[in-house]
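To keep things clear, I will list the structure first and then write my remarks on it.
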Amino acid sequence: MQSCEISADSTDDPLSSGLRRKRQPRIVVIGAGLAGLSAAKALLEGGFTDVTVLEATDRIGGRVQSVRLGHATFELGATWIHGSHGNPVYHLAEDNGLLEETTDSERSVGRISLYSKNGVAYHLTNSGQRIPKDVVEEFSDLYNEVYNLTQEFFQRGKPVNAESQNSVGVFTRDVVRKRVKADPDDTEAVKRLKLAMIQQYLKVESCESSSHSMDEVSLSEFGEWTEIPGAHHVIPCGFIKIVEILARSIPKSVIQLRKPVKCIHWNQSVSQEIERVADHNSDLPEENKGSNVFVECEDCEFIPADHVIVTVSLGVLKKRHESLFHPRLPEEKVMAIEKLGINTTDKIFLEFEEPFWSSECNSIQFVWEDEAESESLTYPEELWYKKICSFDVLYPPERYGHVLSGWICGEEALIMEKCDDETVAETCTEMLRKFTGNPNIPKPRRILRSSWGSNPHFRGSYSYTQVGSSGADVEKLAKPLPYAESSKSPPMQVMFSGEATHRKYYSTTHGAVLSGQREAARLIEMYQDLLQCPT
Ligand SMILES: Cc1cc2nc3c(=O)[nH]c(=O)nc-3n(C[C@H](O)[C@H](O)[C@H](O)COP(=O)(O)OP(=O)(O)OC[C@H]3O[C@@H](n4cnc5c(N)ncnc54)[C@H](O)[C@@H]3O)c2cc1C
Ligand SMILES: *[C@@H]1O[C@H](CO)[C@@H](O)[C@H](O)[C@H]1NC(C)=O
Ligand SMILES: *[C@@H]1O[C@H](CO)[C@@H](O)[C@H](O)[C@H]1NC(C)=O
Ligand SMILES: *[C@@H]1O[C@H](CO)[C@@H](O)[C@H](O)[C@H]1NC(C)=O
């Protein structure tokens, strides 16, 4: 790709000349997701007046995307507010009267398997059998015990042994398998069912982690992700309301949609270039010539800035960091980007004319008996659907109609994204027929699904600490450039926020909000003298 030409008239100076010398610092925020909007809001409230938000897509919200169909709102991205007291998203929702109901926080392996209290999960096998309730309960208890053990590696600094390969998946599979096999009370048939269930639980867990499988998730770091106590809430009128509330306090003119950023020229690299190429009569406003940073947009506009807050996802950074920053990012930053993990978790909503499930069933969990002895879970392309771990029943039907919400992650989610609606709907229905033992389930009336993995503005759903990375890499990702210790150039030229930059709350909406506020606070502190006595 050709670089845009730097010309004097590609930058425009909104400030009158009298203000130029004493102008306010210019801050450009890249991305209008929760992190970017929270940063912009905090900057404006802190007294900054020259703030611009550049968003690649035609909407605000990023990985919060509520789709309204009929009377109901479906969440393609974030769904639950995890925890209450101290969760800024919860407080926003509560203060604005958005919360109607709670889903009990019975620990249900963390984040997505938040089966509502009304009803039970049906664990079905590929031979069309329902696994008896007592077997499911015994297995759940065992699994949760082992889940508790995974937390101890971080929380108590317990050393990881070589066999577990520092992976949650390897460790969990090994320990649960040993315990299942050693249980003298179970028949061989029950043992086989439980062995198959391990794989299904690990699929659910990796949908929650947004990893390809739990074999990629670091065991020693797993316990650092911190749960805020309290119930898990949904927002009946749509999670996007949170985004709209944040955006309400930001003047419309601040946010530019359909404005993808191509390259961030920092370290005065453009200024130097201008000095070198442009003749000194250029009508580029004098003060812009010295700008520390120039944000080059895909439409070839160059926007001068003193500070840029980058909120694009870790997936976008992985894919594009080489071309997105000029000069390139320091090695330490690149290492953090490469080591930390992000993969895809997608949702598949199927709307049926009539429910084929019983009213007490709140989810359908797919247990493949042939996977009892499998190690890692990677399938040939045509068997991508074996990675779908479950379908939740959306509740209440008066609000949602008869809708199932399915989960799939990893490589197989990317394959699903490439299929057309018809194929996905057909494949899912066939799977439901097989597992329920009911060959007469009609095709769904409607299908709606996400595609976070292949979307070039996201390249994944949310981050996790991959085997080989640690919380220290999250700190490195979050560190502003240039690094103070290695540079005499102006500080905080390029700053990083977004879900993946929060050490304890990564992968969440509250992590994103707090990370935006954190970067705004750095600038407010840096300019406290200026902000306290405005000119
Ligand atoms: C399927 C799914 C389910 C989830 N469930 C939950 C949940 O239940 N609870 C919860 O708390 N969290 C959940 N999350 C996570 C939560 O949605 C995210 O952590 C959070 O929304 C991320 O916000 P962000 O601002 O960091 O990033 P984003 O929302 O990704 O914002 C970054 C913005 O940058 C834009 N951008 C990218 N590249 C460029 C560019 N070159 N130029 C300009 N703009 C660019 C993007 O378009 C995007 O709008 C879920 C996420 C997914 C995908
Ligand atoms: C796991 O740990 C939690 C909190 O420490 C505890 O309440 C729960 O009973 C434990 N569960 C099992 C199955 O051991
Ligand atoms: C930034 O610019 C200075 C001075 O021109 C140079 O010494 C330094 O190496 C540059 N830093 C990077 C990361 O390019
Ligand atoms: C997810 O993981 C798969 C398998 O390792 C990989 O092919 C893919 O590129 C990853 N990334 C995303 C965005 O899903």
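A note on labels: chains of the structure tokens are A, B, ... as shown, every chain counts residues from 1, and ligands are counted from 1 in their shown order.
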
At most 9 Å from ligand 2 (only C-alpha atoms and all ligand atoms): residue list as a list of chain:residue names: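 Written in the requested form, the residues are A:Arg107, A:Ser140, A:Asp141, A:Leu142, A:Tyr143, A:Asn144, A:Glu145, A:Val146, A:Tyr147, A:Asn148, A:Leu149, A:Gln151.
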
Using only C-alpha atoms and all ligand atoms, what table do you get, as a tab-separated table, when you list each residue of chain A with an atom no more than 8 Å from ligand 3, its nearest pair of atoms, and their distance in Å rounded to one decimal, rows by chain then rising number?
```
residue	atom	partner	partner_atom_place_in_ligand_line	distance
A:Asn267	CA	ligand 3	1 (C)	4.9
A:Gln268	CA	ligand 3	2 (O)	6.9
A:Ser269	CA	ligand 3	2 (O)	7.3
A:His326	CA	ligand 3	14 (O)	7.9
A:Pro327	CA	ligand 3	14 (O)	5.1
A:Arg328	CA	ligand 3	13 (C)	6.8
A:Leu329	CA	ligand 3	13 (C)	6.7
A:Pro330	CA	ligand 3	13 (C)	6.1
A:Pro482	CA	ligand 3	13 (C)	7.1
A:Ser487	CA	ligand 3	8 (C)	7.3
A:Lys488	CA	ligand 3	3 (C)	8.0
A:Ser489	CA	ligand 3	3 (C)	7.0
```

Would you save the residues from that selection as an mmCIF file, in the first residue's frame, using all heavy atoms?
```cif
data_model
loop_
_atom_site.group_PDB
_atom_site.id
_atom_site.type_symbol
_atom_site.label_atom_id
_atom_site.label_comp_id
_atom_site.auth_asym_id
_atom_site.auth_seq_id
_atom_site.Cartn_x
_atom_site.Cartn_y
_atom_site.Cartn_z
ATOM 1 N N ASN A 267 6.693 10.128 17.490
ATOM 2 C CA ASN A 267 8.111 10.486 17.675
ATOM 3 C C ASN A 267 8.539 11.582 16.702
ATOM 4 O O ASN A 267 9.666 11.602 16.240
ATOM 5 C CB ASN A 267 8.994 9.237 17.503
ATOM 6 C CG ASN A 267 10.348 9.398 18.182
ATOM 7 O OD1 ASN A 267 10.479 10.114 19.165
ATOM 8 N ND2 ASN A 267 11.372 8.759 17.620
ATOM 9 N N GLN A 268 7.611 12.454 16.384
ATOM 10 C CA GLN A 268 7.872 13.602 15.510
ATOM 11 C C GLN A 268 8.374 13.200 14.135
ATOM 12 O O GLN A 268 9.035 13.975 13.448
ATOM 13 C CB GLN A 268 8.879 14.552 16.185
ATOM 14 C CG GLN A 268 8.313 15.071 17.508
ATOM 15 C CD GLN A 268 9.265 15.990 18.257
ATOM 16 O OE1 GLN A 268 10.467 15.763 18.268
ATOM 17 N NE2 GLN A 268 8.704 16.999 18.884
ATOM 18 N N SER A 269 8.029 11.997 13.726
ATOM 19 C CA SER A 269 8.561 11.517 12.448
ATOM 20 C C SER A 269 8.010 12.306 11.265
ATOM 21 O O SER A 269 8.731 12.547 10.298
ATOM 22 C CB SER A 269 8.287 10.023 12.280
ATOM 23 O OG SER A 269 6.922 9.750 12.469
ATOM 24 N N HIS A 326 4.413 4.215 12.927
ATOM 25 C CA HIS A 326 5.636 4.631 12.282
ATOM 26 C C HIS A 326 6.311 5.691 13.134
ATOM 27 O O HIS A 326 5.696 6.723 13.376
ATOM 28 C CB HIS A 326 5.333 5.190 10.872
ATOM 29 C CG HIS A 326 6.555 5.773 10.246
ATOM 30 N ND1 HIS A 326 6.719 7.128 10.041
ATOM 31 C CD2 HIS A 326 7.697 5.179 9.828
ATOM 32 C CE1 HIS A 326 7.915 7.344 9.497
ATOM 33 N NE2 HIS A 326 8.513 6.189 9.356
ATOM 34 N N PRO A 327 7.496 5.531 13.657
ATOM 35 C CA PRO A 327 8.298 4.305 13.558
ATOM 36 C C PRO A 327 7.610 3.119 14.241
ATOM 37 O O PRO A 327 6.672 3.285 14.993
ATOM 38 C CB PRO A 327 9.583 4.678 14.306
ATOM 39 C CG PRO A 327 9.189 5.780 15.238
ATOM 40 C CD PRO A 327 8.129 6.540 14.521
ATOM 41 N N ARG A 328 8.144 1.939 13.947
ATOM 42 C CA ARG A 328 7.553 0.724 14.505
ATOM 43 C C ARG A 328 7.609 0.732 16.023
ATOM 44 O O ARG A 328 8.421 1.430 16.614
ATOM 45 C CB ARG A 328 8.314 -0.496 13.978
ATOM 46 C CG ARG A 328 8.002 -0.703 12.521
ATOM 47 C CD ARG A 328 8.496 -2.039 12.070
ATOM 48 N NE ARG A 328 8.210 -2.183 10.648
ATOM 49 C CZ ARG A 328 8.569 -3.228 9.941
ATOM 50 N NH1 ARG A 328 9.237 -4.217 10.510
ATOM 51 N NH2 ARG A 328 8.267 -3.298 8.674
ATOM 52 N N LEU A 329 6.768 -0.064 16.609
ATOM 53 C CA LEU A 329 6.719 -0.139 18.073
ATOM 54 C C LEU A 329 8.012 -0.754 18.606
ATOM 55 O O LEU A 329 8.621 -1.598 17.938
ATOM 56 C CB LEU A 329 5.531 -1.007 18.508
ATOM 57 C CG LEU A 329 4.148 -0.464 18.162
ATOM 58 C CD1 LEU A 329 3.081 -1.501 18.532
ATOM 59 C CD2 LEU A 329 3.886 0.858 18.885
ATOM 60 N N PRO A 330 8.405 -0.340 19.817
ATOM 61 C CA PRO A 330 9.584 -0.962 20.427
ATOM 62 C C PRO A 330 9.380 -2.466 20.610
ATOM 63 O O PRO A 330 8.252 -2.945 20.767
ATOM 64 C CB PRO A 330 9.702 -0.279 21.793
ATOM 65 C CG PRO A 330 8.803 0.888 21.759
ATOM 66 C CD PRO A 330 7.795 0.677 20.675
ATOM 67 N N PRO A 482 6.637 7.607 24.168
ATOM 68 C CA PRO A 482 7.850 6.790 24.304
ATOM 69 C C PRO A 482 8.086 6.411 25.759
ATOM 70 O O PRO A 482 7.592 7.079 26.656
ATOM 71 C CB PRO A 482 8.938 7.734 23.801
ATOM 72 C CG PRO A 482 8.418 9.094 24.088
ATOM 73 C CD PRO A 482 6.936 9.023 23.927
ATOM 74 N N SER A 487 13.992 8.074 26.565
ATOM 75 C CA SER A 487 13.741 9.103 25.576
ATOM 76 C C SER A 487 13.700 10.495 26.175
ATOM 77 O O SER A 487 13.238 10.704 27.293
ATOM 78 C CB SER A 487 12.400 8.822 24.902
ATOM 79 O OG SER A 487 12.082 9.887 24.049
ATOM 80 N N LYS A 488 14.173 11.426 25.385
ATOM 81 C CA LYS A 488 14.061 12.817 25.801
ATOM 82 C C LYS A 488 12.887 13.478 25.088
ATOM 83 O O LYS A 488 12.594 14.640 25.311
ATOM 84 C CB LYS A 488 15.361 13.565 25.481
ATOM 85 C CG LYS A 488 16.535 13.098 26.331
ATOM 86 C CD LYS A 488 17.710 14.066 26.183
ATOM 87 C CE LYS A 488 19.023 13.428 26.590
ATOM 88 N NZ LYS A 488 19.541 12.427 25.617
ATOM 89 N N SER A 489 12.226 12.757 24.217
ATOM 90 C CA SER A 489 11.110 13.364 23.472
ATOM 91 C C SER A 489 9.866 13.486 24.357
ATOM 92 O O SER A 489 9.785 12.872 25.420
ATOM 93 C CB SER A 489 10.825 12.596 22.189
ATOM 94 O OG SER A 489 11.072 11.235 22.369
#
```

Going by DSSP on the backbone, which residues of stretch 307-362 of chain A come out as helix (DSSP H, G or I)? List them as a PyMOL selection string. chain A and resi 314-324+331-339

Residues within 7 Å of ligand 1, counting only C-alpha atoms and all ligand atoms: report them as JSON, numbers by chain. {"A": [30, 31, 32, 33, 34, 35, 36, 54, 55, 56, 57, 60, 61, 62, 63, 64, 76, 77, 78, 79, 80, 81, 82, 111, 112, 259, 260, 261, 262, 311, 312, 313, 316, 345, 346, 347, 452, 457, 458, 461, 462, 497, 498, 499, 500, 506, 507, 508, 509, 510, 511, 512]}

Go through the chains and note each residue within 7 Å of ligand 4, using only C-alpha atoms and all ligand atoms, then give the set as a list in words.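 Those residues are Ser211, His212, Gly315, Ile342, Asn343, Thr344, Gly410, Glu411, Leu414, Gly453, Ser454, Arg459 and Gly460 of chain A.
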
May I have all residues of stretch 187-404 of chain A that DSSP, computed from the backbone, assigns to strand (DSSP E or B), given as a ChimeraX atom specification? /A:217-218,232-234,255-256,261-265,293-297,302-305,307-310,325-326,341-343,345-352,361-367,390-393,402-404

Determine, counting only C-alpha atoms, which protein, DNA and RNA residues have an atom within 8 Å of an atom of stretch 435-440 of chain A; residues of the same chain fewer than 2 positions away are not included. Present the result as a list in words. Leu124, Thr125, Asn126, Ser127, Gly128, Gln129, Arg130, Phe366, Met431, Leu432, Arg433 and Pro442 of chain A

For the selection you just gave me, I'd like the residues written to a file as an mmCIF file, in the first residue's frame, keeping C-alpha atoms.
```
data_model
loop_
_atom_site.group_PDB
_atom_site.id
_atom_site.type_symbol
_atom_site.label_atom_id
_atom_site.label_comp_id
_atom_site.auth_asym_id
_atom_site.auth_seq_id
_atom_site.Cartn_x
_atom_site.Cartn_y
_atom_site.Cartn_z
ATOM 1 C CA LEU A 124 -27.458 -34.524 25.501
ATOM 2 C CA THR A 125 -25.260 -36.985 23.677
ATOM 3 C CA ASN A 126 -24.847 -37.538 19.971
ATOM 4 C CA SER A 127 -26.812 -40.764 20.265
ATOM 5 C CA GLY A 128 -29.828 -38.721 21.340
ATOM 6 C CA GLN A 129 -29.704 -39.576 25.049
ATOM 7 C CA ARG A 130 -30.073 -37.173 27.925
ATOM 8 C CA PHE A 366 -23.713 -31.149 23.273
ATOM 9 C CA MET A 431 -27.241 -31.226 15.158
ATOM 10 C CA LEU A 432 -30.228 -30.409 17.361
ATOM 11 C CA ARG A 433 -32.216 -33.228 15.722
ATOM 12 C CA PRO A 442 -38.251 -27.881 11.631
#
```

Atom-to-atom span, atom CA of A:Tyr464 and atom CA of A:Lys318, Å: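 Answer for the atom CA of A:Tyr464 to atom CA of A:Lys318 separation: 13.6 Å.
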
Among listed residues A:Ile408, A:Val334, A:Ile27, A:Met416, nearest A:Phe294 (using only C-alpha atoms):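 Ranked by minimum distance to A:Phe294, first place goes to A:Ile27.
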